[in-house]
file structure-v3.cif (mmCIF, C-alpha atoms)
data_entry
#
loop_
_atom_site.label_atom_id
_atom_site.label_comp_id
_atom_site.auth_asym_id
_atom_site.auth_seq_id
_atom_site.Cartn_x
_atom_site.Cartn_y
_atom_site.Cartn_z
CA MET B 608 66.61 13.89 74.99
CA LYS B 609 67.63 13.61 78.62
CA LYS B 610 70.17 10.86 79.25
CA ILE B 611 70.71 10.07 75.53
CA PHE B 612 74.06 8.40 76.11
CA SER B 613 72.80 6.54 79.17
CA LEU B 614 69.99 5.03 77.13
CA PHE B 615 72.41 4.17 74.34
CA ILE B 616 74.72 2.18 76.62
CA ILE B 617 71.96 0.48 78.61
CA LEU B 618 70.75 -1.30 75.47
CA PHE B 619 73.86 -3.50 75.20
CA PHE B 620 73.43 -5.73 78.26
CA THR B 621 73.71 -9.51 78.60
CA LEU B 622 75.24 -12.17 80.85
CA GLY B 623 77.67 -15.07 80.50
CA GLN B 624 80.29 -16.81 82.62
CA ALA B 625 83.41 -14.85 83.61
CA GLN B 626 85.98 -14.95 80.83
CA LYS B 627 88.81 -12.99 79.27
CA LEU B 628 88.00 -10.13 76.93
CA ASP B 629 89.85 -11.81 74.08
CA ASN B 630 87.52 -10.52 71.36
CA ILE B 631 88.32 -6.88 72.16
CA GLN B 632 91.43 -5.16 70.84
CA SER B 633 93.30 -2.35 72.57
CA GLY B 634 92.92 0.87 70.58
CA GLU B 635 89.44 0.07 69.29
CA VAL B 636 87.22 3.09 68.59
CA LEU B 637 83.48 2.94 67.83
CA ASN B 638 81.60 6.09 66.80
CA TYR B 639 77.82 6.35 66.60
CA ARG B 640 75.39 8.90 65.18
CA ILE B 641 72.17 9.33 67.17
CA HIS B 642 68.86 10.55 65.74
CA TYR B 643 65.76 11.56 67.65
CA GLY B 644 62.95 11.29 65.13
CA ILE B 645 64.11 13.27 62.09
CA LEU B 646 66.62 15.32 64.11
CA ASN B 647 70.35 14.67 64.09
CA ALA B 648 70.46 14.56 67.87
CA GLY B 649 73.95 13.57 68.98
CA THR B 650 77.04 11.41 68.84
CA ALA B 651 78.53 8.71 71.07
CA THR B 652 82.08 7.35 71.11
CA LEU B 653 83.57 4.31 72.84
CA THR B 654 87.35 3.84 73.12
CA THR B 655 89.31 0.95 74.60
CA LEU B 656 92.91 0.77 75.87
CA LYS B 657 94.65 -2.14 77.60
CA THR B 658 96.40 -1.01 80.78
CA ASN B 659 97.07 -2.00 84.41
CA TYR B 660 94.88 -1.09 87.37
CA MET B 661 95.84 -2.02 90.94
CA GLY B 662 98.59 -4.25 89.54
CA GLN B 663 96.22 -6.29 87.34
CA PRO B 664 95.66 -6.22 83.55
CA HIS B 665 92.54 -4.20 82.73
CA PHE B 666 90.81 -2.57 79.82
CA TYR B 667 90.30 1.15 80.33
CA VAL B 668 87.10 2.00 78.49
CA LYS B 669 85.89 5.54 77.97
CA GLY B 670 82.48 6.56 76.70
CA TYR B 671 81.54 10.05 75.64
CA GLY B 672 78.15 11.27 74.43
CA ARG B 673 76.90 14.71 73.45
CA THR B 674 73.96 16.35 71.76
CA THR B 675 74.58 18.18 68.50
CA GLY B 676 72.91 20.64 66.12
CA ALA B 677 69.42 21.95 66.85
CA VAL B 678 68.94 19.59 69.80
CA ARG B 679 72.05 20.95 71.51
CA ALA B 680 70.72 24.49 71.13
CA PHE B 681 67.89 23.79 73.58
CA PHE B 682 69.24 20.78 75.51
CA LYS B 683 72.96 20.43 76.10
CA VAL B 684 74.28 16.97 76.99
CA GLU B 685 77.90 16.18 77.88
CA ASP B 686 78.11 12.64 79.26
CA ASN B 687 81.42 11.05 80.30
CA TYR B 688 81.77 7.46 81.43
CA GLU B 689 84.90 5.52 82.42
CA SER B 690 85.41 1.91 83.45
CA PHE B 691 88.42 -0.21 84.37
CA ILE B 692 87.44 -3.79 83.45
CA ASN B 693 89.50 -6.75 84.68
CA TYR B 694 90.87 -8.45 81.57
CA LYS B 695 90.80 -11.95 83.11
CA THR B 696 87.29 -11.88 84.59
CA GLY B 697 85.42 -9.32 82.48
CA LEU B 698 84.17 -7.66 85.68
CA PRO B 699 84.50 -3.94 86.51
CA SER B 700 86.89 -2.71 89.20
CA TYR B 701 86.26 1.04 89.02
CA TYR B 702 83.53 3.06 87.31
CA VAL B 703 82.90 6.78 86.79
CA ARG B 704 79.78 8.57 85.61
CA ASN B 705 80.25 12.33 85.17
CA VAL B 706 77.37 13.93 83.25
CA GLN B 707 75.70 17.20 82.39
CA GLU B 708 72.19 16.89 80.94
CA GLY B 709 70.51 20.26 80.66
CA GLY B 710 70.43 21.62 84.21
CA TYR B 711 71.10 18.18 85.71
CA THR B 712 74.64 17.22 86.73
CA GLN B 713 76.00 14.15 88.44
CA HIS B 714 79.50 12.88 89.27
CA LEU B 715 79.62 9.39 90.79
CA GLN B 716 82.55 7.02 91.31
CA THR B 717 82.16 3.33 92.17
CA VAL B 718 84.80 0.87 93.42
CA PHE B 719 83.72 -2.79 93.14
CA ASN B 720 84.77 -5.55 95.55
CA HIS B 721 83.61 -8.76 93.87
CA THR B 722 85.11 -10.97 96.58
CA ASN B 723 82.72 -9.86 99.30
CA GLN B 724 80.03 -8.50 96.94
CA THR B 725 80.15 -4.89 98.10
CA LEU B 726 80.93 -1.58 96.46
CA ILE B 727 82.04 1.87 97.56
CA LEU B 728 79.94 4.65 96.04
CA THR B 729 81.36 8.18 96.14
CA ASN B 730 79.24 11.20 95.24
CA LYS B 731 81.74 13.88 94.21
CA LYS B 732 79.10 16.64 94.17
CA LYS B 733 77.98 15.97 97.73
CA GLY B 734 81.38 14.88 99.03
CA THR B 735 79.92 11.66 100.45
CA SER B 736 81.02 8.02 100.33
CA GLU B 737 79.21 4.85 101.42
CA VAL B 738 79.65 1.07 101.33
CA LEU B 739 76.72 -0.79 99.72
CA LYS B 740 75.82 -4.43 99.22
CA SER B 741 76.08 -5.77 95.69
CA VAL B 742 75.52 -9.15 93.99
CA LYS B 743 77.70 -11.74 92.32
CA GLY B 744 78.86 -10.83 88.82
CA VAL B 745 77.54 -7.25 88.87
CA GLN B 746 78.44 -5.10 85.87
CA ASP B 747 78.51 -1.37 85.26
CA MET B 748 77.03 0.28 82.17
CA LEU B 749 80.26 0.16 80.15
CA SER B 750 81.61 -3.21 81.28
CA ALA B 751 78.30 -4.89 80.38
CA PHE B 752 78.70 -3.71 76.79
CA TYR B 753 82.12 -5.31 76.43
CA TYR B 754 81.08 -8.40 78.39
CA LEU B 755 78.47 -9.12 75.74
CA ARG B 756 81.11 -8.90 73.06
CA SER B 757 83.41 -11.35 74.86
CA LEU B 758 80.89 -14.20 74.71
CA ASP B 759 81.35 -17.24 72.52
CA PRO B 760 79.05 -17.17 69.45
CA GLY B 761 77.39 -20.33 70.75
CA GLU B 762 76.11 -18.37 73.77
CA LEU B 763 74.09 -16.01 71.57
CA LYS B 764 72.11 -18.44 69.43
CA VAL B 765 68.66 -17.48 68.20
CA GLY B 766 66.15 -18.09 70.99
CA THR B 767 68.66 -17.53 73.78
CA VAL B 768 67.58 -15.41 76.78
CA LYS B 769 70.30 -13.78 78.92
CA LYS B 770 70.06 -12.02 82.28
CA LEU B 771 72.33 -9.49 83.97
CA ASN B 772 72.48 -7.25 87.04
CA VAL B 773 73.80 -3.78 86.17
CA TRP B 774 74.87 -1.01 88.54
CA ILE B 775 73.44 2.30 87.26
CA ASP B 776 74.09 5.49 89.23
CA ASP B 777 73.26 4.40 92.80
CA GLU B 778 70.98 1.45 92.14
CA LEU B 779 71.10 -2.15 90.91
CA PHE B 780 68.92 -2.99 87.90
CA PRO B 781 68.08 -6.49 86.57
CA PHE B 782 68.02 -6.74 82.78
CA GLN B 783 67.03 -9.49 80.39
CA LEU B 784 67.43 -9.80 76.64
CA LYS B 785 66.30 -12.19 73.96
CA VAL B 786 68.10 -13.15 70.72
CA ALA B 787 65.08 -12.95 68.42
CA GLY B 788 66.68 -13.80 65.07
CA THR B 789 69.05 -12.59 62.35
CA GLU B 790 68.59 -9.79 59.86
CA ASP B 791 70.58 -7.99 57.15
CA VAL B 792 71.06 -4.33 58.10
CA LYS B 793 71.98 -1.67 55.55
CA THR B 794 74.75 0.65 56.74
CA LYS B 795 77.00 3.31 55.20
CA PHE B 796 79.65 0.57 54.86
CA GLY B 797 77.37 -1.92 53.11
CA THR B 798 74.98 -4.63 54.30
CA ILE B 799 75.91 -6.40 57.54
CA ASN B 800 74.24 -9.59 58.76
CA CYS B 801 73.24 -8.99 62.39
CA LEU B 802 71.76 -10.72 65.39
CA LYS B 803 68.45 -9.11 66.30
CA ILE B 804 68.34 -8.66 70.08
CA ILE B 805 65.39 -7.39 72.10
CA PRO B 806 66.20 -6.09 75.60
CA GLN B 807 63.38 -6.31 78.15
CA VAL B 808 63.04 -2.87 79.70
CA ILE B 809 60.81 -1.26 82.32
CA SER B 810 57.66 0.02 80.64
CA GLY B 811 56.43 3.50 81.46
CA ARG B 812 59.69 4.92 82.81
CA VAL B 813 61.47 5.71 79.56
CA PHE B 814 60.47 3.31 76.81
CA LYS B 815 57.09 2.98 75.15
CA ASP B 816 56.57 -0.67 76.11
CA LYS B 817 58.42 -3.60 77.63
CA GLU B 818 59.96 -4.65 74.30
CA GLY B 819 60.15 -1.28 72.55
CA VAL B 820 63.87 -1.58 71.84
CA THR B 821 65.66 -3.52 69.08
CA LEU B 822 69.44 -3.89 69.01
CA TYR B 823 71.35 -5.21 65.98
CA VAL B 824 74.89 -6.55 66.55
CA SER B 825 77.19 -7.92 63.86
CA ASN B 826 76.72 -11.68 63.49
CA ASP B 827 80.43 -12.45 63.77
CA ARG B 828 83.10 -12.71 66.47
CA ASN B 829 83.09 -8.93 67.03
CA PHE B 830 79.44 -8.54 68.11
CA VAL B 831 79.73 -4.85 67.25
CA PRO B 832 76.45 -2.95 67.77
CA VAL B 833 75.50 -1.75 64.30
CA SER B 834 72.10 -0.16 64.90
CA ILE B 835 69.64 0.50 67.71
CA LYS B 836 65.98 1.42 67.38
CA ALA B 837 63.91 2.47 70.39
CA GLU B 838 60.31 3.61 70.69
CA LEU B 839 60.34 6.05 73.61
CA ALA B 840 57.43 7.33 75.65
CA VAL B 841 57.71 10.45 73.46
CA GLY B 842 59.20 10.00 69.96
CA SER B 843 61.78 7.48 68.78
CA LEU B 844 65.54 7.06 69.07
CA LYS B 845 67.91 5.54 66.53
CA ALA B 846 71.67 5.08 66.79
CA SER B 847 73.80 3.90 63.87
CA LEU B 848 77.47 2.94 63.59
CA ASP B 849 79.15 5.92 61.93
CA SER B 850 82.82 4.80 61.95
CA TYR B 851 85.06 2.19 63.54
CA LYS B 852 88.79 1.58 64.00
CA ASN B 853 90.97 -1.29 65.24
CA VAL B 854 88.14 -3.83 65.49
CA LYS B 855 89.87 -7.18 66.07
CA TYR B 856 88.14 -9.17 63.31
CA PRO B 857 87.01 -7.93 59.88
CA LEU B 858 83.32 -7.08 59.76
CA ASN B 859 81.37 -9.32 57.39
CA ILE B 860 80.19 -6.61 54.99
CA LYS B 861 78.36 -7.57 51.81
#

call {"tool": "encode", "arguments": {"input": "structure-v3.cif", "output": "structure tokens"}}
result
Amino acid sequence: MKKIFSLFIILFFTLGQAQKLDNIQSGEVLNYRIHYGILNAGTATLTTLKTNYMGQPHFYVKGYGRTTGAVRAFFKVEDNYESFINYKTGLPSYYVRNVQEGGYTQHLQTVFNHTNQTLILTNKKKGTSEVLKSVKGVQDMLSAFYYLRSLDPGELKVGTVKKLNVWIDDELFPFQLKVAGTEDVKTKFGTINCLKIIPQVISGRVFKDKEGVTLYVSNDRNFVPVSIKAELAVGSLKASLDSYKNVKYPLNIK
């Protein structure tokens, strides 16, 4: 169950042109329940607050994931993520990953300079800081999630393929996803019509095969992730929307 929350966030990536985050509402809270096989493995929460950062309007997004129950007894996970996302461009300005996963700990801070396509990476554990080259339109793991949700519905039509470069820890990763179709998904709130999205992932490292992940997002202006199913190299992972608050538009629940 190492990096449960990291895997959960990575599945939400896509790419569009820079735009305001108009579809996201300050004060939104999304809670997810994560299962590993038959085990109730953990929870993940995403919160959003509109604020100012360096004199510019930003969304402050916080992600928190933890293992629970029997899984926590033998593998403790406490993952904290933070991102300040520029409200006008949808691009991250500052990103924090502070995690404890079993005996593994990491505390990284990243400052993005999109003008000259560089970033400053600070390793709080080692007390080091370095300037690294980046690429145009780079996202972090949290900002990519909200960037997807800011897209116009016309940009996520069935058959669409989107690409994105995402900064994860100390490395840049290219991702691609495909909108494969639509499907009704049963939830604790009722049935929600969803877009079925298949991220293309690196086979052999974590996931069972290149397209072993399926993401379902609400087929409305919210694009709220409703369910995720992933076949891992060992076992399977499922995350389901457990509760939500202050979503800007009503979910289309049957």

call {"tool": "residues_near_point", "arguments": {"input": "structure-v3.cif", "point": "(63.9, -19.2, 65.5)", "cutoff": "10 Å", "atoms": "only C-alpha atoms", "output": "ChimeraX atom specification"}}
result
/B:764-767,786-789

call {"tool": "atom_distance", "arguments": {"input": "structure-v3.cif", "atom1": "CA of His665 (chain B)", "atom2": "CA of Pro806 (chain B)"}}
result
27.4 Å

call {"tool": "residues_around", "arguments": {"input": "structure-v3.cif", "residues": "region 728-734 of chain B", "least_positions_apart": "5", "cutoff": "7 Å", "atoms": "all atoms listed in the file", "output": "JSON, numbers by chain"}}
result
{"B": [713, 714, 715, 716, 717, 718]}

call {"tool": "residues_around", "arguments": {"input": "structure-v3.cif", "residues": "Val831 (chain B)", "least_positions_apart": "2", "cutoff": "9 Å", "atoms": "all atoms listed in the file", "output": "list in words"}}
result
Leu637, Arg756, Tyr823, Val824, Ser825, Asn826, Asp827, Arg828, Asn829, Val833, Leu848, Val854 and Leu858 of chain B

call {"tool": "atom_distance", "arguments": {"input": "structure-v3.cif", "atom1": "CA of Lys669 (chain B)", "atom2": "CA of Leu784 (chain B)"}}
result
24.0 Å

call {"tool": "atom_distance", "arguments": {"input": "structure-v3.cif", "atom1": "CA of Gly761 (chain B)", "atom2": "CA of Val773 (chain B)"}}
result
22.9 Å

call {"tool": "residues_around", "arguments": {"input": "structure-v3.cif", "residues": "Pro832 (chain B)", "least_positions_apart": "3", "cutoff": "12 Å", "atoms": "all atoms listed in the file", "output": "ChimeraX atom specification"}}
result
/B:615-616,618-620,637-639,653,752-753,755-756,792,794,799-804,821-829,835-836,846-851,854,858

call {"tool": "resolve_selection", "arguments": {"input": "structure-v3.cif", "expression": "the PyMOL selection byres ((chain B and resi 739) around 6)", "output": "list in words"}}
result
Thr725, Leu726, Val738 and Lys740 of chain B

call {"tool": "resolve_selection", "arguments": {"input": "structure-v3.cif", "expression": "the PyMOL selection byres ((chain B and resi 705) around 8)", "output": "PDB file with C-alpha atoms, keeping the file's coordinate frame"}}
result
ATOM      1  CA  ASP B 686      78.110  12.640  79.260  1.00  0.00           C
ATOM      2  CA  ASN B 687      81.420  11.050  80.300  1.00  0.00           C
ATOM      3  CA  TYR B 688      81.770   7.460  81.430  1.00  0.00           C
ATOM      4  CA  VAL B 703      82.900   6.780  86.790  1.00  0.00           C
ATOM      5  CA  ARG B 704      79.780   8.570  85.610  1.00  0.00           C
ATOM      6  CA  VAL B 706      77.370  13.930  83.250  1.00  0.00           C
ATOM      7  CA  GLN B 707      75.700  17.200  82.390  1.00  0.00           C
ATOM      8  CA  THR B 712      74.640  17.220  86.730  1.00  0.00           C
ATOM      9  CA  GLN B 713      76.000  14.150  88.440  1.00  0.00           C
ATOM     10  CA  HIS B 714      79.500  12.880  89.270  1.00  0.00           C
ATOM     11  CA  LEU B 715      79.620   9.390  90.790  1.00  0.00           C
TER      12      LEU B 715
END

call {"tool": "resolve_selection", "arguments": {"input": "structure-v3.cif", "expression": "the PyMOL selection byres ((chain B and resi 676) around 8)", "output": "list in words"}}
result
Asn647, Ala648, Gly649, Thr674, Thr675, Ala677, Val678, Arg679 and Ala680 of chain B

call {"tool": "closest_residue", "arguments": {"input": "structure-v3.cif", "among": "B:Ala837, B:Ile860, B:Val745, B:Ala651", "to": "Asp791 (chain B)", "atoms": "only C-alpha atoms"}}
result
B:Ile860

call {"tool": "closest_residue", "arguments": {"input": "structure-v3.cif", "among": "B:Met661, B:Leu758, B:Leu844, B:Leu771", "to": "Gly644 (chain B)", "atoms": "all atoms listed in the file"}}
result
B:Leu844

call {"tool": "residues_around", "arguments": {"input": "structure-v3.cif", "residues": "Thr650 (chain B)", "least_positions_apart": "2", "cutoff": "7 Å", "atoms": "all atoms listed in the file", "output": "ChimeraX atom specification"}}
result
/B:639-641,652,672-674
